[in-house]
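Chemist: Quick one, start18.tsv (TSV, N, CA and C atoms):
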chain	number	residue	atom	x	y	z
A	1	MET	N	138.66	164.62	-49.96
A	1	MET	CA	137.47	165.27	-49.46
A	1	MET	C	136.39	164.22	-49.22
A	2	LEU	N	135.83	164.21	-48.05
A	2	LEU	CA	134.69	163.36	-47.75
A	2	LEU	C	133.44	164.15	-48.09
A	3	LEU	N	132.66	163.69	-49.02
A	3	LEU	CA	131.49	164.42	-49.46
A	3	LEU	C	130.34	164.31	-48.47
A	4	LEU	N	130.13	163.14	-47.90
A	4	LEU	CA	129.00	162.94	-46.98
A	4	LEU	C	129.47	162.95	-45.53
A	5	ASP	N	128.76	163.68	-44.72
A	5	ASP	CA	129.01	163.70	-43.29
A	5	ASP	C	128.32	162.51	-42.63
A	6	HIS	N	127.04	162.35	-42.93
A	6	HIS	CA	126.29	161.21	-42.40
A	6	HIS	C	125.11	160.92	-43.32
A	7	VAL	N	124.61	159.70	-43.21
A	7	VAL	CA	123.48	159.26	-44.03
A	7	VAL	C	122.64	158.29	-43.21
A	8	SER	N	121.36	158.25	-43.50
A	8	SER	CA	120.44	157.32	-42.84
A	8	SER	C	119.75	156.47	-43.89
A	9	ILE	N	119.67	155.18	-43.61
A	9	ILE	CA	118.96	154.26	-44.49
A	9	ILE	C	117.73	153.78	-43.73
A	10	PRO	N	116.54	154.13	-44.20
A	10	PRO	CA	115.32	153.66	-43.51
A	10	PRO	C	114.95	152.25	-43.96
A	11	VAL	N	114.52	151.44	-43.01
A	11	VAL	CA	114.05	150.08	-43.27
A	11	VAL	C	112.77	149.85	-42.49
A	12	LYS	N	111.89	149.04	-43.00
A	12	LYS	CA	110.64	148.73	-42.29
A	12	LYS	C	110.88	147.81	-41.10
A	13	ASP	N	111.76	146.82	-41.27
A	13	ASP	CA	111.99	145.81	-40.24
A	13	ASP	C	113.47	145.85	-39.82
A	14	LEU	N	113.77	146.65	-38.81
A	14	LEU	CA	115.15	146.81	-38.37
A	14	LEU	C	115.72	145.50	-37.84
A	15	ALA	N	114.94	144.73	-37.11
A	15	ALA	CA	115.44	143.47	-36.56
A	15	ALA	C	115.90	142.53	-37.68
A	16	ARG	N	115.21	142.55	-38.79
A	16	ARG	CA	115.57	141.70	-39.94
A	16	ARG	C	116.81	142.24	-40.66
A	17	CYS	N	116.97	143.55	-40.73
A	17	CYS	CA	118.06	144.17	-41.48
A	17	CYS	C	119.33	144.38	-40.65
A	18	LYS	N	119.19	144.49	-39.34
A	18	LYS	CA	120.34	144.81	-38.50
A	18	LYS	C	121.50	143.82	-38.67
A	19	PRO	N	121.28	142.50	-38.68
A	19	PRO	CA	122.42	141.59	-38.85
A	19	PRO	C	123.18	141.81	-40.16
A	20	PHE	N	122.47	142.15	-41.22
A	20	PHE	CA	123.11	142.44	-42.50
A	20	PHE	C	124.04	143.65	-42.37
A	21	TYR	N	123.54	144.75	-41.83
A	21	TYR	CA	124.35	145.96	-41.71
A	21	TYR	C	125.48	145.78	-40.69
A	22	GLU	N	125.22	145.07	-39.61
A	22	GLU	CA	126.30	144.79	-38.66
A	22	GLU	C	127.43	144.02	-39.35
A	23	ALA	N	127.07	143.05	-40.16
A	23	ALA	CA	128.08	142.22	-40.84
A	23	ALA	C	128.88	143.00	-41.88
A	24	ILE	N	128.19	143.79	-42.71
A	24	ILE	CA	128.95	144.50	-43.75
A	24	ILE	C	129.76	145.64	-43.16
A	25	MET	N	129.24	146.30	-42.14
A	25	MET	CA	130.00	147.38	-41.51
A	25	MET	C	131.22	146.81	-40.78
A	26	HIS	N	131.07	145.66	-40.15
A	26	HIS	CA	132.21	145.01	-39.51
A	26	HIS	C	133.28	144.68	-40.55
A	27	ALA	N	132.87	144.15	-41.70
A	27	ALA	CA	133.82	143.82	-42.76
A	27	ALA	C	134.54	145.07	-43.27
A	28	LEU	N	133.86	146.21	-43.24
A	28	LEU	CA	134.47	147.47	-43.66
A	28	LEU	C	135.33	148.11	-42.56
A	29	GLY	N	135.24	147.58	-41.35
A	29	GLY	CA	135.99	148.15	-40.24
A	29	GLY	C	135.29	149.31	-39.56
A	30	ALA	N	133.99	149.45	-39.80
A	30	ALA	CA	133.21	150.53	-39.17
A	30	ALA	C	132.63	150.01	-37.86
A	31	GLU	N	132.95	150.67	-36.79
A	31	GLU	CA	132.50	150.27	-35.47
A	31	GLU	C	131.02	150.60	-35.27
A	32	LYS	N	130.32	149.69	-34.61
A	32	LYS	CA	128.94	149.98	-34.22
A	32	LYS	C	129.00	150.87	-32.98
A	33	VAL	N	128.40	152.04	-33.06
A	33	VAL	CA	128.51	153.02	-31.97
A	33	VAL	C	127.16	153.39	-31.35
A	34	TYR	N	126.10	152.85	-31.92
A	34	TYR	CA	124.75	153.18	-31.44
A	34	TYR	C	123.87	151.99	-31.73
A	35	ASP	N	123.12	151.53	-30.74
A	35	ASP	CA	122.25	150.38	-30.94
A	35	ASP	C	121.03	150.53	-30.04
A	36	GLU	N	119.93	150.94	-30.65
A	36	GLU	CA	118.68	151.12	-29.93
A	36	GLU	C	117.59	150.29	-30.62
A	37	SER	N	116.42	150.28	-30.07
A	37	SER	CA	115.33	149.48	-30.65
A	37	SER	C	114.89	149.99	-32.02
A	38	ASP	N	115.10	151.28	-32.30
A	38	ASP	CA	114.63	151.85	-33.57
A	38	ASP	C	115.75	152.33	-34.49
A	39	ALA	N	117.02	152.11	-34.11
A	39	ALA	CA	118.13	152.57	-34.95
A	39	ALA	C	119.44	151.92	-34.51
A	40	VAL	N	120.32	151.76	-35.48
A	40	VAL	CA	121.68	151.29	-35.22
A	40	VAL	C	122.62	152.18	-36.02
A	41	GLY	N	123.74	152.58	-35.39
A	41	GLY	CA	124.65	153.51	-36.05
A	41	GLY	C	126.07	152.97	-36.11
A	42	PHE	N	126.79	153.35	-37.16
A	42	PHE	CA	128.14	152.88	-37.41
A	42	PHE	C	129.04	154.04	-37.81
A	43	GLY	N	130.31	153.94	-37.47
A	43	GLY	CA	131.29	154.93	-37.89
A	43	GLY	C	131.60	155.90	-36.78
A	44	ALA	N	131.93	157.11	-37.17
A	44	ALA	CA	132.28	158.14	-36.19
A	44	ALA	C	131.65	159.45	-36.61
A	45	ARG	N	131.08	160.14	-35.66
A	45	ARG	CA	130.50	161.45	-35.94
A	45	ARG	C	131.60	162.51	-35.93
A	46	CYS	N	131.44	163.50	-36.74
A	46	CYS	CA	132.37	164.63	-36.77
A	46	CYS	C	132.14	165.51	-35.55
A	47	ASN	N	133.16	166.29	-35.22
A	47	ASN	CA	133.02	167.27	-34.15
A	47	ASN	C	133.84	168.50	-34.52
A	48	ALA	N	133.84	169.49	-33.66
A	48	ALA	CA	134.51	170.76	-33.96
A	48	ALA	C	136.01	170.61	-34.14
A	49	ASP	N	136.60	169.58	-33.56
A	49	ASP	CA	138.04	169.37	-33.66
A	49	ASP	C	138.45	168.38	-34.74
A	50	ASP	N	137.50	167.60	-35.25
A	50	ASP	CA	137.83	166.55	-36.22
A	50	ASP	C	136.62	166.30	-37.12
A	51	ASP	N	136.71	166.77	-38.35
A	51	ASP	CA	135.58	166.62	-39.27
A	51	ASP	C	135.87	165.63	-40.41
A	52	ALA	N	136.78	164.70	-40.19
A	52	ALA	CA	137.19	163.75	-41.23
A	52	ALA	C	136.55	162.37	-41.03
A	53	HIS	N	135.28	162.35	-40.73
A	53	HIS	CA	134.59	161.09	-40.48
A	53	HIS	C	133.30	161.01	-41.29
A	54	SER	N	132.70	159.84	-41.27
A	54	SER	CA	131.35	159.69	-41.79
A	54	SER	C	130.62	158.69	-40.90
A	55	TYR	N	129.30	158.75	-40.99
A	55	TYR	CA	128.46	158.02	-40.05
A	55	TYR	C	127.23	157.49	-40.79
A	56	LEU	N	126.86	156.28	-40.49
A	56	LEU	CA	125.67	155.66	-41.07
A	56	LEU	C	124.71	155.27	-39.96
A	57	THR	N	123.45	155.62	-40.14
A	57	THR	CA	122.39	155.15	-39.26
A	57	THR	C	121.40	154.35	-40.10
A	58	VAL	N	121.03	153.18	-39.60
A	58	VAL	CA	119.95	152.40	-40.20
A	58	VAL	C	118.77	152.55	-39.25
A	59	LEU	N	117.66	153.11	-39.78
A	59	LEU	CA	116.52	153.49	-38.96
A	59	LEU	C	115.28	152.67	-39.27
A	60	ALA	N	114.54	152.31	-38.24
A	60	ALA	CA	113.23	151.71	-38.44
A	60	ALA	C	112.27	152.80	-38.88
A	61	SER	N	111.56	152.55	-39.99
A	61	SER	CA	110.61	153.53	-40.50
A	61	SER	C	109.48	152.79	-41.20
A	62	PRO	N	108.24	152.96	-40.73
A	62	PRO	CA	107.12	152.28	-41.39
A	62	PRO	C	106.91	152.73	-42.83
A	63	GLY	N	107.41	153.89	-43.19
A	63	GLY	CA	107.25	154.41	-44.54
A	63	GLY	C	108.42	154.11	-45.46
A	64	ALA	N	109.37	153.30	-45.00
A	64	ALA	CA	110.56	153.00	-45.82
A	64	ALA	C	110.15	152.33	-47.12
A	65	ASN	N	110.87	152.69	-48.17
A	65	ASN	CA	110.64	152.05	-49.46
A	65	ASN	C	111.98	151.92	-50.18
A	66	THR	N	112.01	151.11	-51.22
A	66	THR	CA	113.23	150.94	-51.99
A	66	THR	C	113.00	151.49	-53.39
A	67	ASP	N	114.07	151.90	-54.01
A	67	ASP	CA	114.05	152.40	-55.37
A	67	ASP	C	115.27	151.80	-56.05
A	68	PRO	N	115.12	151.10	-57.15
A	68	PRO	CA	116.26	150.42	-57.77
A	68	PRO	C	117.36	151.36	-58.24
A	69	ARG	N	117.07	152.63	-58.38
A	69	ARG	CA	118.10	153.59	-58.82
A	69	ARG	C	118.85	154.24	-57.64
A	70	ARG	N	118.39	153.98	-56.43
A	70	ARG	CA	119.04	154.54	-55.24
A	70	ARG	C	119.96	153.46	-54.66
A	71	HIS	N	121.17	153.85	-54.35
A	71	HIS	CA	122.05	152.92	-53.64
A	71	HIS	C	123.08	153.69	-52.84
A	72	TRP	N	123.65	152.98	-51.89
A	72	TRP	CA	124.68	153.53	-51.03
A	72	TRP	C	125.96	152.77	-51.30
A	73	CYS	N	127.03	153.51	-51.53
A	73	CYS	CA	128.33	152.91	-51.84
A	73	CYS	C	129.31	153.21	-50.72
A	74	PHE	N	129.98	152.17	-50.26
A	74	PHE	CA	130.93	152.29	-49.16
A	74	PHE	C	132.34	152.02	-49.68
A	75	LYS	N	133.29	152.86	-49.28
A	75	LYS	CA	134.68	152.71	-49.70
A	75	LYS	C	135.34	151.58	-48.92
A	76	ALA	N	136.08	150.76	-49.65
A	76	ALA	CA	136.87	149.69	-49.06
A	76	ALA	C	138.34	149.96	-49.35
A	77	GLY	N	139.19	149.70	-48.39
A	77	GLY	CA	140.61	149.99	-48.53
A	77	GLY	C	141.35	149.08	-49.49
A	78	ASN	N	140.78	147.90	-49.75
A	78	ASN	CA	141.41	146.98	-50.70
A	78	ASN	C	140.35	146.01	-51.22
A	79	ARG	N	140.74	145.23	-52.21
A	79	ARG	CA	139.79	144.33	-52.86
A	79	ARG	C	139.35	143.20	-51.96
A	80	GLU	N	140.20	142.76	-51.06
A	80	GLU	CA	139.81	141.71	-50.13
A	80	GLU	C	138.66	142.17	-49.25
A	81	ILE	N	138.67	143.44	-48.87
A	81	ILE	CA	137.56	143.97	-48.06
A	81	ILE	C	136.27	143.96	-48.88
A	82	VAL	N	136.34	144.29	-50.16
A	82	VAL	CA	135.15	144.22	-51.02
A	82	VAL	C	134.60	142.81	-51.01
A	83	ARG	N	135.48	141.82	-51.17
A	83	ARG	CA	135.03	140.43	-51.16
A	83	ARG	C	134.45	140.03	-49.81
A	84	SER	N	135.04	140.53	-48.73
A	84	SER	CA	134.55	140.24	-47.38
A	84	SER	C	133.18	140.85	-47.13
A	85	VAL	N	132.97	142.07	-47.60
A	85	VAL	CA	131.66	142.72	-47.46
A	85	VAL	C	130.61	141.90	-48.20
A	86	TYR	N	130.92	141.50	-49.40
A	86	TYR	CA	129.99	140.72	-50.22
A	86	TYR	C	129.63	139.40	-49.51
A	87	ALA	N	130.64	138.67	-49.05
A	87	ALA	CA	130.40	137.39	-48.38
A	87	ALA	C	129.60	137.59	-47.09
A	88	ALA	N	129.96	138.62	-46.31
A	88	ALA	CA	129.24	138.88	-45.06
A	88	ALA	C	127.79	139.24	-45.32
A	89	GLY	N	127.56	140.04	-46.34
A	89	GLY	CA	126.19	140.42	-46.68
A	89	GLY	C	125.35	139.24	-47.10
A	90	LEU	N	125.91	138.37	-47.94
A	90	LEU	CA	125.18	137.17	-48.37
A	90	LEU	C	124.89	136.25	-47.19
A	91	ALA	N	125.83	136.15	-46.27
A	91	ALA	CA	125.66	135.26	-45.11
A	91	ALA	C	124.66	135.80	-44.09
A	92	HIS	N	124.27	137.07	-44.23
A	92	HIS	CA	123.38	137.69	-43.24
A	92	HIS	C	122.13	138.28	-43.88
A	93	GLY	N	121.58	137.57	-44.84
A	93	GLY	CA	120.27	137.93	-45.38
A	93	GLY	C	120.29	138.78	-46.63
A	94	GLY	N	121.46	139.17	-47.12
A	94	GLY	CA	121.53	139.95	-48.35
A	94	GLY	C	121.42	139.08	-49.58
A	95	ARG	N	121.16	139.72	-50.71
A	95	ARG	CA	121.08	139.02	-51.99
A	95	ARG	C	122.08	139.63	-52.97
A	96	ASP	N	122.59	138.78	-53.83
A	96	ASP	CA	123.54	139.21	-54.85
A	96	ASP	C	122.91	140.20	-55.80
A	97	ASP	N	123.65	141.26	-56.11
A	97	ASP	CA	123.24	142.20	-57.15
A	97	ASP	C	124.43	142.58	-58.02
A	98	GLY	N	125.49	141.76	-57.94
A	98	GLY	CA	126.71	141.98	-58.72
A	98	GLY	C	127.91	141.50	-57.94
A	99	ALA	N	128.43	140.35	-58.29
A	99	ALA	CA	129.55	139.74	-57.57
A	99	ALA	C	130.80	140.62	-57.63
A	100	PRO	N	131.72	140.43	-56.69
A	100	PRO	CA	132.96	141.21	-56.70
A	100	PRO	C	133.70	141.06	-58.03
A	101	GLY	N	134.16	142.19	-58.53
A	101	GLY	CA	134.92	142.16	-59.77
A	101	GLY	C	135.21	143.56	-60.27
A	102	LEU	N	136.04	143.60	-61.29
A	102	LEU	CA	136.38	144.89	-61.92
A	102	LEU	C	135.19	145.42	-62.69
A	103	ARG	N	135.03	146.72	-62.65
A	103	ARG	CA	134.03	147.43	-63.44
A	103	ARG	C	134.78	148.48	-64.27
A	104	PRO	N	135.49	148.03	-65.34
A	104	PRO	CA	136.37	148.95	-66.08
A	104	PRO	C	135.64	150.07	-66.80
A	105	HIS	N	134.32	149.98	-66.95
A	105	HIS	CA	133.59	151.08	-67.57
A	105	HIS	C	133.59	152.32	-66.67
A	106	TYR	N	133.88	152.16	-65.36
A	106	TYR	CA	134.05	153.31	-64.46
A	106	TYR	C	135.49	153.80	-64.52
A	107	HIS	N	136.44	152.92	-64.26
A	107	HIS	CA	137.87	153.15	-64.50
A	107	HIS	C	138.59	151.82	-64.35
A	108	GLU	N	139.82	151.75	-64.77
A	108	GLU	CA	140.51	150.47	-64.91
A	108	GLU	C	140.69	149.71	-63.60
A	109	HIS	N	140.67	150.37	-62.46
A	109	HIS	CA	140.88	149.68	-61.18
A	109	HIS	C	139.62	149.62	-60.31
A	110	TYR	N	138.48	150.05	-60.85
A	110	TYR	CA	137.24	150.07	-60.07
A	110	TYR	C	136.81	148.63	-59.79
A	111	TYR	N	136.93	148.23	-58.53
A	111	TYR	CA	136.62	146.86	-58.10
A	111	TYR	C	135.47	146.96	-57.10
A	112	ALA	N	134.35	146.35	-57.42
A	112	ALA	CA	133.16	146.55	-56.59
A	112	ALA	C	132.32	145.29	-56.50
A	113	ALA	N	131.46	145.29	-55.51
A	113	ALA	CA	130.44	144.26	-55.33
A	113	ALA	C	129.15	144.95	-54.93
A	114	PHE	N	128.04	144.39	-55.38
A	114	PHE	CA	126.72	144.96	-55.12
A	114	PHE	C	125.84	143.93	-54.42
A	115	LEU	N	125.09	144.40	-53.45
A	115	LEU	CA	124.17	143.57	-52.69
A	115	LEU	C	122.83	144.28	-52.54
A	116	LEU	N	121.80	143.50	-52.30
A	116	LEU	CA	120.52	144.03	-51.84
A	116	LEU	C	120.35	143.61	-50.40
A	117	ASP	N	120.02	144.56	-49.54
A	117	ASP	CA	119.80	144.20	-48.14
A	117	ASP	C	118.50	143.39	-48.05
A	118	PRO	N	118.14	142.88	-46.88
A	118	PRO	CA	116.93	142.05	-46.77
A	118	PRO	C	115.64	142.71	-47.25
A	119	GLU	N	115.61	144.03	-47.36
A	119	GLU	CA	114.41	144.71	-47.86
A	119	GLU	C	114.56	145.20	-49.29
A	120	GLY	N	115.71	144.99	-49.90
A	120	GLY	CA	115.90	145.38	-51.28
A	120	GLY	C	116.68	146.67	-51.51
A	121	ASN	N	117.18	147.30	-50.44
A	121	ASN	CA	118.04	148.47	-50.60
A	121	ASN	C	119.36	148.03	-51.23
A	122	ARG	N	119.83	148.77	-52.22
A	122	ARG	CA	121.06	148.41	-52.93
A	122	ARG	C	122.26	149.05	-52.25
A	123	VAL	N	123.25	148.23	-51.92
A	123	VAL	CA	124.49	148.71	-51.34
A	123	VAL	C	125.66	148.21	-52.17
A	124	GLU	N	126.73	148.97	-52.15
A	124	GLU	CA	127.92	148.65	-52.92
A	124	GLU	C	129.14	148.85	-52.03
A	125	ALA	N	130.14	148.00	-52.22
A	125	ALA	CA	131.46	148.21	-51.64
A	125	ALA	C	132.41	148.37	-52.80
A	126	VAL	N	133.29	149.39	-52.74
A	126	VAL	CA	134.19	149.66	-53.86
A	126	VAL	C	135.60	149.93	-53.36
A	127	CYS	N	136.57	149.45	-54.13
A	127	CYS	CA	137.97	149.79	-53.96
A	127	CYS	C	138.45	150.39	-55.28
A	128	HIS	N	139.06	151.56	-55.21
A	128	HIS	CA	139.51	152.26	-56.43
A	128	HIS	C	140.97	151.98	-56.73
A	129	ARG	N	141.64	151.29	-55.88
A	129	ARG	CA	143.09	151.08	-56.01
A	129	ARG	C	143.40	149.82	-56.82
A	130	ALA	N	144.58	149.85	-57.45
A	130	ALA	CA	145.08	148.66	-58.12
A	130	ALA	C	145.36	147.58	-57.07
A	131	GLU	N	145.30	146.33	-57.48
A	131	GLU	CA	145.54	145.21	-56.56
A	131	GLU	C	146.94	145.33	-55.98
Take the structure in the file and write it out as C-alpha cells.

Modeler:
Amino acid sequence: MLLLDHVSIPVKDLARCKPFYEAIMHALGAEKVYDESDAVGFGARCNADDDAHSYLTVLASPGANTDPRRHWCFKAGNREIVRSVYAAGLAHGGRDDGAPGLRPHYHEHYYAAFLLDPEGNRVEAVCHRAE
C-alpha cells in the first residue's frame, strides 16, 4: 500500500534547492516531469486507471520554514541507491544528517541515510531489504 499520493516541499529559494532535489530524485530513479520557475515535480501522478504512484513537488514559497522534527523519507530499492542518494545530495548543496548505515533500532535491515537540503529540510532515503 502506498500511503502518500503526493507531497509538496516548500522552499524559499527554489533555484538554490532545485539541483539538490534533481540529484537525489535522479539517484532514486524518479523522473523529473515538471519544471517551472516556481516549482519542480518528480515521479508520476495517479490517474483513474493507475493509482500506484507517488509524486513530489518542490515549491517556491516565501513563507517556507524548516522544523527539525519534520522530514520526508524516500524508499530506495537497495542499499546502493541509499548510498547514491546520500552522495548526490552532498554533491549538490546538501549537508550530512546521518551517513548511510543500518539503523537496527527500527528493524534489523533498516538501512538509511539522512540529509539536510540547502535550506535545512530533512530528507531520508531508506531500504528495508537485506543486502

Chemist: Apply DSSP to the backbone of this structure and, from chain A, keep only the residues in helix (DSSP H, G or I); write these as a list in words.

Modeler: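 Answer for chain A, restricted to helix (DSSP H, G or I): Leu14, Ala15, Arg16, Cys17, Lys18, Pro19, Phe20, Tyr21, Glu22, Ala23, Ile24, Met25, His26, Ala27, Leu28, Arg79, Glu80, Ile81, Val82, Arg83, Ser84, Val85, Tyr86, Ala87, Ala88, Gly89, Leu90 and Ala91 of chain A.
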
Chemist: Determine the nearest neighbour of Pro19 of chain A from the options A:Ala60, A:Leu102, A:Val40, A:Val82, counting only C-alpha atoms.

Modeler: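 Closest to Pro19 of chain A, using only C-alpha atoms: A:Val40.
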
Chemist: Figure out the distance between atom CA of Thr66 of chain A and atom CA of Ala27 of chain A, please, to one decimal in Å.

Modeler: 23.7 Å

Chemist: Using only C-alpha atoms, find the one residue out of A:Ser84, A:Ser37, A:Asn65, A:Asn78 that sits nearest to Asn121 of chain A.

Modeler: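 For Asn121 of chain A, the nearest of the candidates is A:Asn65.
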
Chemist: Report the distance between atom CA of Cys73 of chain A and atom CA of Leu116 of chain A in Å, rounded to one decimal place.

Modeler: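 The value is 11.8 Å.
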
Chemist: So the first atom is atom CA of Ala91 of chain A and the second is atom C of Cys17 of chain A; what is the distance between them in Å, to one decimal place?

Modeler: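 If I compute the distance from atom CA of Ala91 of chain A to atom C of Cys17 of chain A, I get 12.0 Å.
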
Chemist: Looking at A:Cys127, A:Ile24, A:Ile9, A:Leu3, which one is nearest to Thr57 of chain A, with distances taken over all atoms listed in the file?

Modeler: A:Ile9

Chemist: Residues of segment 74-128 of chain A classed as strand (DSSP E) by DSSP on the backbone are to be reported as a PyMOL selection string.

Modeler: chain A and resi 74-75+95-102+111-116+122-127

Chemist: Which residue is closest to Val123 of chain A? Choose from A:Asp97, A:Glu108, A:Glu36, A:Asp13 and count only C-alpha atoms.

Modeler: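 Ranked by minimum distance to Val123 of chain A, first place goes to A:Asp97.
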
Chemist: Using only C-alpha atoms, which of the listed residues (A:Val33, A:Lys12, A:Tyr21, A:Leu115) sits closest to Arg83 of chain A?

Modeler: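 Once distances to Arg83 of chain A are computed over only C-alpha atoms, the minimum belongs to A:Leu115.
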
Chemist: May I ask which of the residues A:Tyr34, A:Ala52, A:Phe20, A:Pro68 is the closest one to Gly120 of chain A, counting all atoms listed in the file?

Modeler: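 Of all the options, A:Pro68 lies closest to Gly120 of chain A.
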
Chemist: Which protein, DNA or RNA residues have an atom at most 6.5 Å from (131.9, 157.6, -36.5), counting only N, CA and C atoms? List them as a list in words.

Modeler: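 Using only N, CA and C atoms, the matching residues come out as Phe42, Gly43, Ala44, Arg45, Cys46, His53, Ser54 and Tyr55 of chain A.
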
Chemist: Leaving out Arg129 of chain A and any residue of its chain fewer than 6 positions from it, which residues lie within 6.5 Å of it when counting all atoms listed in the file, given as a ChimeraX atom specification?

Modeler: /A:109-111

Chemist: Dump N, CA, C and O atoms of segment 34-48 of chain A from the given block, as an mmCIF file, in the first residue's frame.

Modeler:
data_model
loop_
_atom_site.group_PDB
_atom_site.id
_atom_site.type_symbol
_atom_site.label_atom_id
_atom_site.label_comp_id
_atom_site.auth_asym_id
_atom_site.auth_seq_id
_atom_site.Cartn_x
_atom_site.Cartn_y
_atom_site.Cartn_z
ATOM 1 N N TYR A 34 8.063 17.943 -14.289
ATOM 2 C CA TYR A 34 7.519 19.303 -14.257
ATOM 3 C C TYR A 34 8.650 20.226 -13.844
ATOM 4 O O TYR A 34 9.360 19.943 -12.875
ATOM 5 N N ASP A 35 8.854 21.301 -14.584
ATOM 6 C CA ASP A 35 9.931 22.232 -14.258
ATOM 7 C C ASP A 35 9.513 23.632 -14.684
ATOM 8 O O ASP A 35 9.535 23.966 -15.861
ATOM 9 N N GLU A 36 9.101 24.411 -13.706
ATOM 10 C CA GLU A 36 8.680 25.784 -13.942
ATOM 11 C C GLU A 36 9.494 26.713 -13.045
ATOM 12 O O GLU A 36 10.250 26.266 -12.194
ATOM 13 N N SER A 37 9.295 27.990 -13.175
ATOM 14 C CA SER A 37 10.071 28.951 -12.386
ATOM 15 C C SER A 37 9.753 28.872 -10.892
ATOM 16 O O SER A 37 10.592 29.221 -10.061
ATOM 17 N N ASP A 38 8.556 28.390 -10.533
ATOM 18 C CA ASP A 38 8.168 28.357 -9.123
ATOM 19 C C ASP A 38 7.970 26.952 -8.559
ATOM 20 O O ASP A 38 7.578 26.793 -7.404
ATOM 21 N N ALA A 39 8.240 25.905 -9.365
ATOM 22 C CA ALA A 39 8.047 24.539 -8.882
ATOM 23 C C ALA A 39 8.743 23.540 -9.798
ATOM 24 O O ALA A 39 8.874 23.776 -11.002
ATOM 25 N N VAL A 40 9.151 22.440 -9.201
ATOM 26 C CA VAL A 40 9.701 21.312 -9.950
ATOM 27 C C VAL A 40 9.061 20.046 -9.394
ATOM 28 O O VAL A 40 8.868 19.927 -8.184
ATOM 29 N N GLY A 41 8.682 19.133 -10.301
ATOM 30 C CA GLY A 41 7.973 17.930 -9.867
ATOM 31 C C GLY A 41 8.656 16.664 -10.340
ATOM 32 O O GLY A 41 9.267 16.624 -11.414
ATOM 33 N N PHE A 42 8.526 15.603 -9.541
ATOM 34 C CA PHE A 42 9.171 14.328 -9.811
ATOM 35 C C PHE A 42 8.190 13.183 -9.580
ATOM 36 O O PHE A 42 7.343 13.259 -8.700
ATOM 37 N N GLY A 43 8.359 12.110 -10.333
ATOM 38 C CA GLY A 43 7.556 10.913 -10.132
ATOM 39 C C GLY A 43 6.451 10.823 -11.148
ATOM 40 O O GLY A 43 6.579 11.293 -12.281
ATOM 41 N N ALA A 44 5.367 10.207 -10.740
ATOM 42 C CA ALA A 44 4.220 10.029 -11.635
ATOM 43 C C ALA A 44 2.943 10.295 -10.864
ATOM 44 O O ALA A 44 2.792 9.849 -9.731
ATOM 45 N N ARG A 45 2.052 11.021 -11.479
ATOM 46 C CA ARG A 45 0.753 11.275 -10.862
ATOM 47 C C ARG A 45 -0.169 10.089 -11.100
ATOM 48 O O ARG A 45 -0.089 9.409 -12.125
ATOM 49 N N CYS A 46 -1.028 9.842 -10.157
ATOM 50 C CA CYS A 46 -2.032 8.789 -10.296
ATOM 51 C C CYS A 46 -3.125 9.249 -11.252
ATOM 52 O O CYS A 46 -3.307 10.447 -11.481
ATOM 53 N N ASN A 47 -3.846 8.279 -11.790
ATOM 54 C CA ASN A 47 -4.998 8.594 -12.624
ATOM 55 C C ASN A 47 -6.063 7.524 -12.390
ATOM 56 O O ASN A 47 -5.856 6.599 -11.600
ATOM 57 N N ALA A 48 -7.175 7.642 -13.066
ATOM 58 C CA ALA A 48 -8.303 6.732 -12.841
ATOM 59 C C ALA A 48 -7.970 5.283 -13.178
ATOM 60 O O ALA A 48 -8.577 4.364 -12.636
#
